[in-house]
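Colleague: Here it is, the structure, as structure tokens.
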Amino acid sequence: MKQKIFIKTFGCQMNEYDSNRIFDIVKKIGYYKTDNYYDANCYVLNTCHIRDKAKEKVYHEIGRVKKVFRLKKKPLVIVTGCVAQAENQEMLRREPFIDIVIGPQSYHEINDKILNYVEKKEKTEITEFDADTKFDYLSKIKNNSGKASSFLTIQEGCDKFCHFCVVPYTRGPEFSRPFQQIIDEAKFLADNGAKEIFLLGQNVNAYKSGEYRLSNLILEIEKFSNVKRLRFTTSHPKDMTNDLVDIYKHSKKLMPLVHLPVQSGSNKILNLMNRQHSISEYLKIFYKLKKINPKIEFSSDFIIGYPGEEEKDFEETLDLIKKVKFINSYSFIFSPRPGTVAANLKQVKREVSIERLLKIQNQLFENQIIMNKSLENKSLNVLVENLTKDKRQVFGRTEFMTPVIFDGNKEDIGKILNVKIKRSNRSTLFGEIISKSNQKVA
């Protein structure tokens, strides 16, 4: 009888990549993916520590799982990811329902830990920072994503130590995978249906392996004829080097949306955050890229109500949003993370932060609405990624990552179709197919 594994993934795209690779790994010991958690012999929570109350959300989820399985045989319960890294043995002490705790740099050892538990029933945790060994191991196991748009992690960890961020403590120092290892994985993805490859890293543009940088990776991967689109995230302004900016002059497949988190429009707040860049430096990158290609658009991240933020700082953030016209951004009220510098600082009053966030989001949403409205009655190339939930239409994305829904079928998945946009709302475009190009990968 085959064993079934269910993975619930929280957080970022890198966690999605990790979850897919965990599936690839556990196949070697007879586990198969199930989308029905009630049938699972092994239940995995792949956790994220970025957002507020991440730890408590994990325990809440474990409590829900306990209720689901109260009348059934208990599955093997594994917690992976950044909360696992931060909490490690404390999770085993606090919640007996958890059997194994594995940090994000150690999940390549999941098979050994599962087999050991099955044999000896010994609970265990492993939270070593060993990205080198992890990726050497993963390079020997094929990435069976099989998706039209596939993630590919090229870099992990962070050396920036922004005062609000836990990533250096949960993912470790910056580590870049060997160049050829990435190219080999990209080629396998391309040969198996990927039309778009999304290069991932905590500081993806800090990638450096010998003489190779992110710009070299982009130019090499776009040589694969099956790959039609390339993207990368998340970037740091400090690492937006000239060679990476200039790649937008030469690359034929790099998409014209730049996700470049700025966090605040105030130099004072950026300094308090230890962001290591100024607004003038950020705008210099913006204007350089706009000069290379006026069609390039920006998205970003914003932390509102950071300790020390005054009305002037907030207004400077609002002004930056109006100036750059970010078309799709994430904005959150500051929430302290234990162990970070900002955790001990005096916080802005909650009601003030909420009011400021609302103003920021209204402006960001206005930018999105204007951008989407401008696309109505235009024809756009859309990469079809999947069927909608009701199976009656298809879902895809434009070059700017904007979701598009239109009539189609399963055979359209993996194709880039020419779609005329008929209407839009803040987040989504709705259209109809004009023509189909024969670009599906077998």
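In the structure tokens, each chain is lettered A, B, ... as it comes, each chain's residues begin at 1, and ligands are numbered from 1 in order of appearance.
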Using the chain letters and numbers from this document, which residues of region 142-288 of chain A does DSSP assign to strand (DSSP E or B), as a list in words?

Modeller: Ser149, Ser150, Phe151, Leu152, Thr153, Gln155, Glu156, Phe175, Ser176, Glu196, Ile197, Phe198, Leu199, Leu200, Lys208, Ser209, Tyr212, Arg213, Arg229, Leu230, Arg231, Phe232, Thr233, Leu254, Leu257, Val258, His259 and Gln263 of chain A

Colleague: Neighbouring residues of Leu380 (chain A) were defined as those with any atom within 7 Å, considering only C-alpha atoms; residues of the same chain fewer than 5 positions away were excluded. Please report them as a PyMOL selection string.

Modeller: chain A and resi 398+418-420

Colleague: Calculate how many Å separate CA of Lys57 (chain A) from CA of Phe97 (chain A), rounding to one decimal.

Modeller: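 Pair CA of Lys57 (chain A) / CA of Phe97 (chain A) returns 15.2 Å.
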
Colleague: Would you list the contacts of Asp112 (chain A) as a list of chain:residue names, taking every protein, DNA or RNA residue within 12 Å and counting only C-alpha atoms, but skipping same-chain residues closer than 3 positions in sequence?

Modeller: A:Ile25, A:Val26, A:Lys28, A:Ile29, A:Ile100, A:Ile102, A:Ser106, A:Tyr107, A:His108, A:Glu109, A:Leu115, A:Asn116, A:Tyr117, A:Val118, A:Glu119, A:Lys120, A:Thr124, A:Glu125, A:Ile126

Colleague: Select, from A:Leu214, A:Ile333, A:Gly172, A:Ala86, the residue with the minimum atom-to-atom distance to Ile354 (chain A), counting only C-alpha atoms.

Modeller: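 Counting only C-alpha atoms, the residue closest to Ile354 (chain A) is A:Ile333.
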
Colleague: Between A:Arg229, A:Lys359, A:Arg177, A:Lys346, which residue has the minimum interatomic distance to Ser331 (chain A), considering only C-alpha atoms?

Modeller: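 Looking at the shortest contact to Ser331 (chain A), the residue is A:Lys359.
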
Colleague: Considering only C-alpha atoms, state which residue in the set A:Leu318, A:Leu383, A:Ala131, A:Leu244 is at the smallest distance from Val204 (chain A).

Modeller: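 Comparing A:Leu318, A:Leu383, A:Ala131, A:Leu244 against Val204 (chain A), the winner is A:Leu244.
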
Colleague: When you look at Gly265 (chain A) with a cut-off of 6 Å (counting only C-alpha atoms), what residues show up, excluding the ones that are within fewer than 6 positions of it in the same chain? I need them as number ranges by chain.

Modeller: A: 316-317, 320

Colleague: As a PyMOL selection string, please: all residues of region 214-379 of chain A that backbone DSSP puts in alpha helix (DSSP H).

Modeller: chain A and resi 214-221+242-250+267-273+279-292+311-324+350-374

Colleague: From the options A:Phe198, A:Phe6, A:Phe326, A:Tyr282, which residue's atoms come nearest to Glu297 (chain A), counting only C-alpha atoms?

Modeller: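 Of the candidates, the smallest distance to Glu297 (chain A) is held by A:Phe326.
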
Colleague: Provide the CA of Leu138 (chain A) to CA of Asn15 (chain A) distance in Å, to one decimal place.

Modeller: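 Computed distance, CA of Leu138 (chain A) to CA of Asn15 (chain A), equals 15.0 Å.
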
Colleague: Which residue gives the smallest distance to Glu87 (chain A) among A:Asn381, A:Asn41, A:Thr170, A:Thr340, with only C-alpha atoms counted?

Modeller: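 Closest to Glu87 (chain A), using only C-alpha atoms: A:Thr170.
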
Colleague: Hey, what's within 10 Å of Lys123 (chain A) if we count only C-alpha atoms and toss same-chain stuff fewer than 5 positions away? As a list in words, please?

Modeller: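 The contact residues come out as Ile78, Gln89, Leu92, Pro96, Ile98, Asp99, Ile100, Val101, Lys113, Ile114, Asn116 and Tyr117 of chain A.
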
Colleague: Set the distance at 10 Å and use only C-alpha atoms: which residues neighbour Val341 (chain A) once local chain neighbours fewer than 3 positions away are removed? I'd like the list as a PyMOL selection string.

Modeller: chain A and resi 161-166+272-274+336-338+344-345

Colleague: Output C-alpha atoms for every residue in that selection, as a compact mmCIF listing (two decimals), in the first residue's frame.

Modeller:
# COMPACT_ATOMS: atom_id res chain seq x y z
CA PHE A 161 20.20 42.36 8.36
CA CYS A 162 17.35 44.81 7.87
CA HIS A 163 16.22 45.61 11.38
CA PHE A 164 12.69 44.28 10.86
CA CYS A 165 13.55 41.00 9.15
CA VAL A 166 14.08 37.44 10.44
CA LEU A 272 16.30 53.19 10.80
CA MET A 273 15.49 49.99 8.92
CA ASN A 274 19.14 49.51 7.90
CA PRO A 336 7.76 43.12 15.45
CA ARG A 337 9.71 39.89 14.99
CA PRO A 338 11.41 38.44 18.10
CA ASN A 344 12.47 46.39 20.90
CA LEU A 345 11.59 49.80 19.45

Colleague: Using only C-alpha atoms, pick whichever of A:Phe151, A:Arg171, A:Ser145, A:Lys288 has the shortest atom-to-atom distance to Phe232 (chain A).

Modeller: A:Phe151

Colleague: For Asp24 (chain A), find every residue with an atom within 12 Å (counting only C-alpha atoms), except residues of its own chain fewer than 3 positions away, and show them as a PDB file with N, CA and C atoms, in the first residue's frame.

Modeller:
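Output file selection.pdb follows:
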ATOM      1  N   ILE A   5       1.331  11.682   0.961  1.00  0.00           N
ATOM      2  CA  ILE A   5       1.821  12.850   1.691  1.00  0.00           C
ATOM      3  C   ILE A   5       1.065  14.096   1.233  1.00  0.00           C
ATOM      4  N   TYR A  17       8.485  26.484  -4.035  1.00  0.00           N
ATOM      5  CA  TYR A  17       9.552  25.704  -4.664  1.00  0.00           C
ATOM      6  C   TYR A  17      10.004  24.581  -3.735  1.00  0.00           C
ATOM      7  N   ASP A  18      10.219  24.916  -2.456  1.00  0.00           N
ATOM      8  CA  ASP A  18      10.663  23.908  -1.489  1.00  0.00           C
ATOM      9  C   ASP A  18       9.650  22.777  -1.365  1.00  0.00           C
ATOM     10  N   SER A  19       8.369  23.119  -1.321  1.00  0.00           N
ATOM     11  CA  SER A  19       7.338  22.084  -1.196  1.00  0.00           C
ATOM     12  C   SER A  19       7.345  21.150  -2.407  1.00  0.00           C
ATOM     13  N   ASN A  20       7.505  21.720  -3.595  1.00  0.00           N
ATOM     14  CA  ASN A  20       7.576  20.891  -4.800  1.00  0.00           C
ATOM     15  C   ASN A  20       8.775  19.948  -4.749  1.00  0.00           C
ATOM     16  N   ARG A  21       9.893  20.437  -4.224  1.00  0.00           N
ATOM     17  CA  ARG A  21      11.099  19.608  -4.156  1.00  0.00           C
ATOM     18  C   ARG A  21      10.962  18.527  -3.079  1.00  0.00           C
ATOM     19  N   LYS A  27       9.238  10.758  -3.025  1.00  0.00           N
ATOM     20  CA  LYS A  27       8.886   9.697  -3.969  1.00  0.00           C
ATOM     21  C   LYS A  27       9.872   8.547  -3.876  1.00  0.00           C
ATOM     22  N   LYS A  28      11.124   8.860  -3.525  1.00  0.00           N
ATOM     23  CA  LYS A  28      12.170   7.840  -3.466  1.00  0.00           C
ATOM     24  C   LYS A  28      11.901   6.794  -2.387  1.00  0.00           C
ATOM     25  N   ILE A  29      11.075   7.145  -1.396  1.00  0.00           N
ATOM     26  CA  ILE A  29      10.776   6.165  -0.333  1.00  0.00           C
ATOM     27  C   ILE A  29       9.306   5.752  -0.353  1.00  0.00           C
ATOM     28  N   GLY A  30       8.659   5.944  -1.504  1.00  0.00           N
ATOM     29  CA  GLY A  30       7.321   5.408  -1.693  1.00  0.00           C
ATOM     30  C   GLY A  30       6.161   6.299  -1.322  1.00  0.00           C
ATOM     31  N   TYR A  31       6.415   7.610  -1.141  1.00  0.00           N
ATOM     32  CA  TYR A  31       5.323   8.537  -0.832  1.00  0.00           C
ATOM     33  C   TYR A  31       4.843   9.212  -2.109  1.00  0.00           C
ATOM     34  N   TYR A  32       3.531   9.399  -2.194  1.00  0.00           N
ATOM     35  CA  TYR A  32       2.931  10.034  -3.350  1.00  0.00           C
ATOM     36  C   TYR A  32       2.077  11.215  -2.907  1.00  0.00           C
ATOM     37  N   LYS A  33       2.031  12.223  -3.748  1.00  0.00           N
ATOM     38  CA  LYS A  33       1.299  13.451  -3.429  1.00  0.00           C
ATOM     39  C   LYS A  33      -0.201  13.209  -3.406  1.00  0.00           C
ATOM     40  N   TYR A 107      15.803  20.198   4.503  1.00  0.00           N
ATOM     41  CA  TYR A 107      14.721  19.313   4.093  1.00  0.00           C
ATOM     42  C   TYR A 107      15.183  18.197   3.153  1.00  0.00           C
ATOM     43  N   HIS A 108      16.423  18.293   2.653  1.00  0.00           N
ATOM     44  CA  HIS A 108      16.948  17.188   1.853  1.00  0.00           C
ATOM     45  C   HIS A 108      17.146  15.920   2.705  1.00  0.00           C
ATOM     46  N   ILE A 110      14.821  14.785   4.726  1.00  0.00           N
ATOM     47  CA  ILE A 110      13.482  14.381   5.169  1.00  0.00           C
ATOM     48  C   ILE A 110      13.271  12.870   5.055  1.00  0.00           C
ATOM     49  N   ASN A 111      13.815  12.234   4.025  1.00  0.00           N
ATOM     50  CA  ASN A 111      13.621  10.782   3.888  1.00  0.00           C
ATOM     51  C   ASN A 111      14.240  10.011   5.048  1.00  0.00           C
ATOM     52  N   TYR A 137      22.417  17.680  -3.137  1.00  0.00           N
ATOM     53  CA  TYR A 137      21.488  16.549  -3.085  1.00  0.00           C
ATOM     54  C   TYR A 137      20.354  16.746  -4.085  1.00  0.00           C
ATOM     55  N   LEU A 138      19.773  17.951  -4.095  1.00  0.00           N
ATOM     56  CA  LEU A 138      18.638  18.213  -4.980  1.00  0.00           C
ATOM     57  C   LEU A 138      19.021  18.142  -6.447  1.00  0.00           C
ATOM     58  N   SER A 139      20.283  18.459  -6.762  1.00  0.00           N
ATOM     59  CA  SER A 139      20.715  18.425  -8.160  1.00  0.00           C
ATOM     60  C   SER A 139      20.652  17.020  -8.746  1.00  0.00           C
ATOM     61  N   LYS A 140      20.611  16.016  -7.883  1.00  0.00           N
ATOM     62  CA  LYS A 140      20.557  14.618  -8.336  1.00  0.00           C
ATOM     63  C   LYS A 140      19.114  14.115  -8.451  1.00  0.00           C
ATOM     64  N   ILE A 141      18.147  14.954  -8.071  1.00  0.00           N
ATOM     65  CA  ILE A 141      16.728  14.588  -8.138  1.00  0.00           C
ATOM     66  C   ILE A 141      16.024  15.568  -9.070  1.00  0.00           C
ATOM     67  N   LYS A 142      15.350  15.062 -10.072  1.00  0.00           N
ATOM     68  CA  LYS A 142      14.727  15.912 -11.077  1.00  0.00           C
ATOM     69  C   LYS A 142      13.605  16.751 -10.471  1.00  0.00           C
ATOM     70  N   ASN A 143      13.538  18.003 -10.926  1.00  0.00           N
ATOM     71  CA  ASN A 143      12.480  18.918 -10.524  1.00  0.00           C
ATOM     72  C   ASN A 143      11.269  18.670 -11.418  1.00  0.00           C
ATOM     73  N   ASN A 144      10.304  17.912 -10.910  1.00  0.00           N
ATOM     74  CA  ASN A 144       9.149  17.511 -11.709  1.00  0.00           C
ATOM     75  C   ASN A 144       7.987  18.478 -11.544  1.00  0.00           C
ATOM     76  N   SER A 145       8.266  19.766 -11.640  1.00  0.00           N
ATOM     77  CA  SER A 145       7.221  20.776 -11.503  1.00  0.00           C
ATOM     78  C   SER A 145       6.121  20.562 -12.535  1.00  0.00           C
ATOM     79  N   GLY A 146       6.509  20.422 -13.788  1.00  0.00           N
ATOM     80  CA  GLY A 146       5.537  20.175 -14.852  1.00  0.00           C
ATOM     81  C   GLY A 146       4.592  21.327 -15.102  1.00  0.00           C
TER      82      GLY A 146
END

Colleague: Kindly give the distance, in Å, that separates CA of Asp407 (chain A) and CA of Ile433 (chain A), rounded to a single decimal.

Modeller: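 Rounded to one decimal, the two atoms are 7.5 Å apart.
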